[in-house]
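Participant: Mind having a look at this structure? Questions to follow.
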Amino acid sequence: MRRIKSNIDTQSAEFRAYERHNHALMAELQERQKKARFERPERDITRLRKQKKLLVRERIDLLLDPGTPFLELSTLAANMAYDGTVPSAGLVSGVGIVSGREVLVMASDSSIKGGAWYPLTVKKMVRTLDIAIENRLPMVHLVDSAGAFLPLQSGLFPDRYMAGRMFRNQCVLSAMGVKQVALVLGHSTAGGAYVPTLCDYSIMVRRTGGVFLGGPPLVKAATGEEVTADELGGADVHSSISGTADYAVDSEQEGLALVREIVGTFPREIKVAVERREPEEPYYDPVELHGIIPDDVKKQFDMREVIARIVDGSRFHEFKPDYGTTVVCGFAFLYGWKVGLVGNNGVLFSDSAHKSTQFLQLCNRDRVPVIFLQNITGFMVGKAYEHGGITKDGSKMLMVQSNLDVPKLTIMTNGSFGAGNYAMCGRAYDARFLFSYPNAQISVMGMEQAVKTLTQIRLKALQRQGKSLPEEDVRKIYDGIALDYMEKSGAYYSTSGMWDDGIIDPVDTRKVLGISLSVALNRDDQESPHGVLRI
Amino acid sequence: MKRRIDLLDEHYNVTVFGQPGEWRLQVVDGEPQPAVLAVGTEFQGTIQLGDQKADIQMAVKGETAYIRAFDRTVTLRIVDPVEQAAQESGGSSNTARAPMPGTIVEVQVAAGEVVSKGQPMITIESMKILTVITATRDGEVSEVHFEPGDTFEKNAALVTLKEKEE
């Protein structure tokens, strides 16, 4: 397979300018991540220390195999919700290695409002369990949550993808034969009591751990019975009387060691048989991505330059290179696994949609997972293109892409606008994982067009009321709309609402995709026999 | 197995035939000679050609292989067969065409100017994207077909380079 020949001049003024811009973005990303992970009020830390509890990151550190990578998901969830008071939505989730097995960790962060569930916490838990189902990933639950945050209960309890979905997903996982272990490190009350109870193995820490449908205050109110938490649903009660849990331990450390022992008995998941060869580092340094991703969403870059800094040996077999040139399709190897890549090099035309569709069919028939690299302003508009059936051709791409049964992974590298987002496997299309670069922008149409349209509508409404505005006020309206639009199309807003699985530094793309692909290969859906249409 | 090797500015057509353990090497039209390559570690081994025998050392960096044998070091460039065949069957087109319809934002070159491969020639805007059209090979600009502010259709010729002199 041929090596991509990079046309990037790392000494050029443009490269240097992009690099400066991206270095600033990465510094901001690191700062935001550091805050979300470690910045907590002193009194919360003191309270946990008094209870002899470890902080959530200390627990995860003891759980994982030393020196192995942890792919944390949605670190910046809820960063723009609840006035920023619930960092990471009060939950840590991610893919890690325990006793040599890939597992999905889901851990409440009791240093934030006692680990209470906010609407976005529940969304994150449901997404985490979806990931377990989609990728057959065994789960380790570290349970330490006060339960639903009552003032916002209507936003987290009743709907289809709210709290009930977690327990439903746990039951589905069990039926699939995907194993789950829970370590109960705090009081799990009401619904929360089902999390450990629905697991295959449940461990409780003496004194701090508790599982009950109604806690002592509720029991007192309901029946008048006076009982301590430990007598009601402590570790010994459940491991030796009720059988609700399986093991009682004296400390968090002992509990975490026991989790490791249990996971160590699990059979390793069998990976899907994808074409494999000896892995090779990229020939071009991924660090150079900082000088390739532009400082303005409008500026175009060659997606081959990104591919060259992700795949093994920077080797890429490009499919149909002279046809539909605004999309780049081809095969490469990632950590030795064969993958298909679809990346944007401009707006989608009928021919680029056709090429992508044919290529996706090829990948599906040959059982090759697909990676989508999005930088898309949309499909081409105009009379000639409508007459040429651009919508019909876009719908072919959507049809095939939606129904792929090989794993899909998506990276938002820059812009993601309009129907292009759909065709290129946006969030709604069940990519096993979707990550964004910090510069990524996503919206139904590009900012300039949208803001102009919105400003026009506002001015027309004012005109109808007989008001005309001086130029200065028009400018103010425009700027106000633009500011709001920009904030809501940004990557931080996106990740706050979990429209992705996290923001990554472009330099880490290869590693992030490597872990994602490895776990995605735990599950391959039924092959659907289809020939490949040359359309 | 036939291969072309460029060594010290000379082309050699080399043919390897036989089977493992009994390879014979023919250089151009010469007499085929028995050849043995015993690779020890990754970078060291012995080579035997006819009645000559030598230790060899080899290092590969990118597309270049450095080989030391018979008391001298030679540098070989590893040529991809697809690329070599493509190069021999004609170069890239003289005309840079518009990948999508749009407007000219900036023209960076003028007729008569000498450009090198990858050099920016013209910047276009289309569907909210700024795209820089670069030279696909070294050459001299024959014609720039548009000025800033002009609009154009998909596939329109933007910049034409002078015909390559052979």
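Every chain in the structure tokens takes a letter, A first, then B, and so on in the order presented; its residues are numbered from 1, and the ligands are numbered from 1 following the presented order.
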Do you have, as JSON lines, the list of residues of chain A lying at most 7 Å from chain B, each with its nearest atom pair and that distance in Å to one decimal, counting only C-alpha atoms and ordered by chain then number?
Facilitator:
{"residue": "A:Arg2", "atom": "CA", "partner": "B:Asp80", "partner_atom": "CA", "distance": 6.9}
{"residue": "A:Asn7", "atom": "CA", "partner": "B:Gly118", "partner_atom": "CA", "distance": 6.4}
{"residue": "A:Lys298", "atom": "CA", "partner": "B:Ile129", "partner_atom": "CA", "distance": 4.7}
{"residue": "A:Lys299", "atom": "CA", "partner": "B:Leu130", "partner_atom": "CA", "distance": 4.7}
{"residue": "A:Gln300", "atom": "CA", "partner": "B:Thr131", "partner_atom": "CA", "distance": 5.1}
{"residue": "A:Val347", "atom": "CA", "partner": "B:Met127", "partner_atom": "CA", "distance": 7.0}
{"residue": "A:Thr377", "atom": "CA", "partner": "B:Met127", "partner_atom": "CA", "distance": 6.9}
Participant: Selection from above, C-alpha atoms, as a tab-separated table (two decimals), in the first residue's frame, can you write it?
Facilitator:
chain	number	residue	atom	x	y	z
A	2	ARG	CA	1.38	3.38	-1.02
A	7	ASN	CA	2.52	18.49	0.77
A	298	LYS	CA	-13.86	28.48	6.35
A	299	LYS	CA	-10.34	27.49	5.33
A	300	GLN	CA	-10.03	24.24	3.45
A	347	VAL	CA	-18.86	20.21	-0.54
A	377	THR	CA	-20.49	22.41	4.72
Participant: Please identify all polymer residues within 7 Å of Ser436 of chain A, counting only C-alpha atoms, omitting same-chain residues fewer than 4 positions from it, and present them as a list in words.
Facilitator: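 The contact residues come out as Ile411, Met412, Thr413, Ala440, Ala491, Asp500, Gly502, Ile503 and Ile504 of chain A.
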Participant: Let me see the file: selected residues, N, CA and C atoms, as a CSV table (one decimal), in the first residue's frame.
Facilitator:
chain,number,residue,atom,x,y,z
A,411,ILE,N,-15.1,11.3,13.5
A,411,ILE,CA,-14.4,12.4,14.1
A,411,ILE,C,-14.8,13.7,13.4
A,412,MET,N,-15.2,14.7,14.3
A,412,MET,CA,-15.6,16.0,13.8
A,412,MET,C,-14.3,16.8,13.8
A,413,THR,N,-13.7,17.0,12.6
A,413,THR,CA,-12.4,17.7,12.5
A,413,THR,C,-12.5,19.2,12.4
A,440,ALA,N,-14.2,22.3,16.4
A,440,ALA,CA,-15.3,21.8,15.6
A,440,ALA,C,-16.5,22.7,15.8
A,491,ALA,N,-17.8,23.5,19.9
A,491,ALA,CA,-17.6,22.1,20.4
A,491,ALA,C,-17.9,22.0,21.9
A,500,ASP,N,-21.5,14.4,21.5
A,500,ASP,CA,-20.3,13.6,21.1
A,500,ASP,C,-19.9,12.8,22.3
A,502,GLY,N,-16.9,13.2,23.5
A,502,GLY,CA,-15.8,13.9,24.2
A,502,GLY,C,-15.0,14.7,23.1
A,503,ILE,N,-14.2,15.7,23.7
A,503,ILE,CA,-13.4,16.5,22.8
A,503,ILE,C,-12.0,15.9,22.9
A,504,ILE,N,-11.3,15.8,21.8
A,504,ILE,CA,-9.9,15.3,21.8
A,504,ILE,C,-9.0,16.2,21.1
Participant: Extract the full set of strand (DSSP E or B) residues from segment 304-487 of chain A according to DSSP on the backbone, and format it as number ranges by chain.
Facilitator: A: 315, 317-319, 327-334, 337-344, 348, 370-376, 379, 408-417, 433-436, 441-443
Participant: Pull C-alpha atoms from the residues just selected and write them as a PDB file, in the first residue's frame.
Facilitator:
ATOM      1  CA  ARG A 315      -0.178   4.229   3.914  1.00  0.00           C
ATOM      2  CA  HIS A 317      -5.040   2.993  -0.854  1.00  0.00           C
ATOM      3  CA  GLU A 318      -7.300   5.647  -2.314  1.00  0.00           C
ATOM      4  CA  PHE A 319     -10.470   4.457  -4.038  1.00  0.00           C
ATOM      5  CA  VAL A 327     -14.669  13.279  -0.854  1.00  0.00           C
ATOM      6  CA  VAL A 328     -11.663  11.072  -0.118  1.00  0.00           C
ATOM      7  CA  CYS A 329     -12.378   7.341   0.230  1.00  0.00           C
ATOM      8  CA  GLY A 330      -9.905   4.551   0.753  1.00  0.00           C
ATOM      9  CA  PHE A 331      -8.440   1.761   2.818  1.00  0.00           C
ATOM     10  CA  ALA A 332      -5.714   1.868   5.422  1.00  0.00           C
ATOM     11  CA  PHE A 333      -4.618  -0.030   8.515  1.00  0.00           C
ATOM     12  CA  LEU A 334      -5.013   1.291  12.057  1.00  0.00           C
ATOM     13  CA  TRP A 337      -6.698  -3.524  11.599  1.00  0.00           C
ATOM     14  CA  LYS A 338      -8.004  -2.807   8.145  1.00  0.00           C
ATOM     15  CA  VAL A 339     -10.336   0.201   8.034  1.00  0.00           C
ATOM     16  CA  GLY A 340     -12.168   2.188   5.387  1.00  0.00           C
ATOM     17  CA  LEU A 341     -11.947   5.972   5.612  1.00  0.00           C
ATOM     18  CA  VAL A 342     -14.355   8.558   4.236  1.00  0.00           C
ATOM     19  CA  GLY A 343     -13.218  12.181   4.584  1.00  0.00           C
ATOM     20  CA  ASN A 344     -14.451  15.471   3.163  1.00  0.00           C
ATOM     21  CA  LEU A 348     -20.696  17.005  -1.510  1.00  0.00           C
ATOM     22  CA  VAL A 370     -15.542   2.639   8.530  1.00  0.00           C
ATOM     23  CA  ILE A 371     -14.069   5.850   9.936  1.00  0.00           C
ATOM     24  CA  PHE A 372     -15.749   9.122   8.942  1.00  0.00           C
ATOM     25  CA  LEU A 373     -13.656  12.297   9.058  1.00  0.00           C
ATOM     26  CA  GLN A 374     -16.143  15.157   8.928  1.00  0.00           C
ATOM     27  CA  ASN A 375     -15.414  18.590   7.542  1.00  0.00           C
ATOM     28  CA  ILE A 376     -18.553  19.274   5.643  1.00  0.00           C
ATOM     29  CA  PHE A 379     -24.464  19.262  -0.306  1.00  0.00           C
ATOM     30  CA  LYS A 408     -18.642   3.097  12.362  1.00  0.00           C
ATOM     31  CA  LEU A 409     -16.481   5.729  14.076  1.00  0.00           C
ATOM     32  CA  THR A 410     -16.759   9.482  13.494  1.00  0.00           C
ATOM     33  CA  ILE A 411     -14.378  12.386  14.092  1.00  0.00           C
ATOM     34  CA  MET A 412     -15.556  15.996  13.800  1.00  0.00           C
ATOM     35  CA  THR A 413     -12.401  17.670  12.500  1.00  0.00           C
ATOM     36  CA  ASN A 414     -13.755  21.119  11.648  1.00  0.00           C
ATOM     37  CA  GLY A 415     -17.200  22.062  10.257  1.00  0.00           C
ATOM     38  CA  SER A 416     -20.309  19.920  10.281  1.00  0.00           C
ATOM     39  CA  PHE A 417     -23.273  21.633   8.689  1.00  0.00           C
ATOM     40  CA  PHE A 433     -17.942   6.456  19.081  1.00  0.00           C
ATOM     41  CA  LEU A 434     -17.936  10.098  17.974  1.00  0.00           C
ATOM     42  CA  PHE A 435     -15.260  12.573  19.030  1.00  0.00           C
ATOM     43  CA  SER A 436     -14.762  16.274  18.234  1.00  0.00           C
ATOM     44  CA  GLN A 441     -18.503  23.625  14.747  1.00  0.00           C
ATOM     45  CA  ILE A 442     -21.858  21.995  14.222  1.00  0.00           C
ATOM     46  CA  SER A 443     -25.161  23.526  13.162  1.00  0.00           C
TER      47      SER A 443
END
Participant: Can you list, as JSON, numbers by chain, every protein, DNA or RNA residue that comes within 6 Å of segment 51-64 of chain A when you count only C-alpha atoms, leaving out same-chain residues fewer than 6 positions away?
Facilitator: {"A": [97, 98, 109, 256]}
Participant: Mind pulling up the distance from atom CA of Tyr323 of chain A to atom CA of Asp351 of chain A?
Facilitator: 6.9 Å
Participant: For a test of reading the model, state the distance in Å between atom CA of Ala384 of chain A and atom CA of His145 of chain B, rounded to one decimal.
Facilitator: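 Going from atom CA of Ala384 of chain A over to atom CA of His145 of chain B, I get 22.6 Å.
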Participant: Any idea what's packed within 6 Å of segment 136-148 of chain A, counting only C-alpha atoms, ignoring anything in its chain fewer than 5 positions away? Could you give it as a PyMOL selection string?
Facilitator: chain A and resi 103-108+114-117+178-186+522
Participant: Residues near segment 26-28 of chain A, anyone? I mean within 7 Å using only C-alpha atoms, not counting same-chain ones fewer than 4 positions away, as a short mmCIF file (atom, residue, chain, number, x, y, z; two decimals) with C-alpha atoms, in the first residue's frame.
Facilitator:
data_model
loop_
_atom_site.label_atom_id
_atom_site.label_comp_id
_atom_site.auth_asym_id
_atom_site.auth_seq_id
_atom_site.Cartn_x
_atom_site.Cartn_y
_atom_site.Cartn_z
CA ASN A 22 -4.22 25.26 17.83
CA ARG A 32 -11.10 22.94 31.10
CA ASP A 505 -6.62 16.84 20.86
#
Participant: Find the spatial neighbours of Glu22 of chain B, counting only C-alpha atoms, within a cut-off of 10 Å - ignore same-chain residues fewer than 6 positions away - and output them as a PyMOL selection string.
Facilitator: chain B and resi 34-36
Participant: Let's see if you can do this: from backbone DSSP, list all alpha helix (DSSP H) residues in segment 364-436 of chain A, as a list in words.
Facilitator: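 Those in segment 364-436 of chain A that DSSP calls alpha helix (DSSP H) are Asn364, Arg365, Lys383, Ala384, Tyr385, Glu386, His387, Ile390, Thr391, Lys392, Asp393, Gly394, Ser395, Lys396, Met397, Leu398, Met399, Val400, Gln401, Ser402, Ala419, Gly420, Asn421, Tyr422 and Ala423 of chain A.
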Participant: Next, write the just-selected residues to a file, as a tab-separated table (two decimals), in the first residue's frame, keeping N, CA and C atoms as the atom set.
Facilitator:
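Listing of selection-v8.tsv after writing:
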chain	number	residue	atom	x	y	z
A	364	ASN	N	-18.95	-2.65	3.61
A	364	ASN	CA	-19.90	-3.50	4.30
A	364	ASN	C	-19.81	-4.95	3.83
A	365	ARG	N	-19.73	-5.12	2.52
A	365	ARG	CA	-19.65	-6.49	2.00
A	365	ARG	C	-18.36	-7.17	2.48
A	383	LYS	N	-29.59	25.35	-9.28
A	383	LYS	CA	-30.49	24.73	-10.25
A	383	LYS	C	-29.86	23.50	-10.91
A	384	ALA	N	-28.63	23.68	-11.39
A	384	ALA	CA	-27.99	22.57	-12.11
A	384	ALA	C	-27.92	21.32	-11.23
A	385	TYR	N	-27.69	21.54	-9.93
A	385	TYR	CA	-27.50	20.40	-9.03
A	385	TYR	C	-28.83	19.77	-8.64
A	386	GLU	N	-29.86	20.60	-8.46
A	386	GLU	CA	-31.19	20.06	-8.18
A	386	GLU	C	-31.66	19.23	-9.38
A	387	HIS	N	-31.45	19.80	-10.58
A	387	HIS	CA	-31.85	19.07	-11.79
A	387	HIS	C	-31.05	17.78	-11.94
A	390	ILE	N	-29.33	16.04	-6.88
A	390	ILE	CA	-28.42	16.04	-5.72
A	390	ILE	C	-29.09	15.45	-4.47
A	391	THR	N	-30.39	15.74	-4.29
A	391	THR	CA	-31.08	15.23	-3.09
A	391	THR	C	-31.26	13.71	-3.19
A	392	LYS	N	-31.57	13.26	-4.39
A	392	LYS	CA	-31.72	11.82	-4.62
A	392	LYS	C	-30.39	11.10	-4.34
A	393	ASP	N	-29.29	11.71	-4.78
A	393	ASP	CA	-27.99	11.06	-4.62
A	393	ASP	C	-27.52	11.11	-3.17
A	394	GLY	N	-27.85	12.22	-2.49
A	394	GLY	CA	-27.53	12.30	-1.07
A	394	GLY	C	-28.31	11.25	-0.28
A	395	SER	N	-29.54	11.01	-0.70
A	395	SER	CA	-30.35	10.04	0.04
A	395	SER	C	-29.82	8.63	-0.14
A	396	LYS	N	-29.15	8.37	-1.27
A	396	LYS	CA	-28.52	7.04	-1.45
A	396	LYS	C	-27.42	6.85	-0.41
A	397	MET	N	-26.63	7.89	-0.23
A	397	MET	CA	-25.52	7.82	0.73
A	397	MET	C	-26.06	7.61	2.14
A	398	LEU	N	-27.13	8.37	2.46
A	398	LEU	CA	-27.75	8.22	3.78
A	398	LEU	C	-28.29	6.81	3.98
A	399	MET	N	-28.95	6.29	2.95
A	399	MET	CA	-29.57	4.97	3.03
A	399	MET	C	-28.53	3.90	3.35
A	400	VAL	N	-27.42	3.93	2.59
A	400	VAL	CA	-26.40	2.90	2.77
A	400	VAL	C	-25.64	3.13	4.09
A	401	GLN	N	-25.29	4.38	4.36
A	401	GLN	CA	-24.53	4.69	5.58
A	401	GLN	C	-25.32	4.29	6.83
A	402	SER	N	-26.61	4.63	6.86
A	402	SER	CA	-27.44	4.32	8.03
A	402	SER	C	-27.51	2.82	8.28
A	419	ALA	N	-27.20	18.76	5.94
A	419	ALA	CA	-27.36	17.34	5.62
A	419	ALA	C	-26.03	16.61	5.50
A	420	GLY	N	-24.96	17.36	5.32
A	420	GLY	CA	-23.63	16.74	5.28
A	420	GLY	C	-23.34	16.01	6.58
A	421	ASN	N	-23.79	16.58	7.69
A	421	ASN	CA	-23.64	15.95	9.00
A	421	ASN	C	-24.30	14.57	9.00
A	422	TYR	N	-25.48	14.49	8.39
A	422	TYR	CA	-26.20	13.21	8.36
A	422	TYR	C	-25.45	12.19	7.51
A	423	ALA	N	-25.13	12.61	6.27
A	423	ALA	CA	-24.51	11.68	5.32
A	423	ALA	C	-23.19	11.14	5.85
Participant: If I take atom CA of Ala85 of chain B and atom CA of Ile4 of chain A, how far is one from the other in Å, to one decimal?
Facilitator: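 Result for atom CA of Ala85 of chain B versus atom CA of Ile4 of chain A: 16.7 Å, one decimal.
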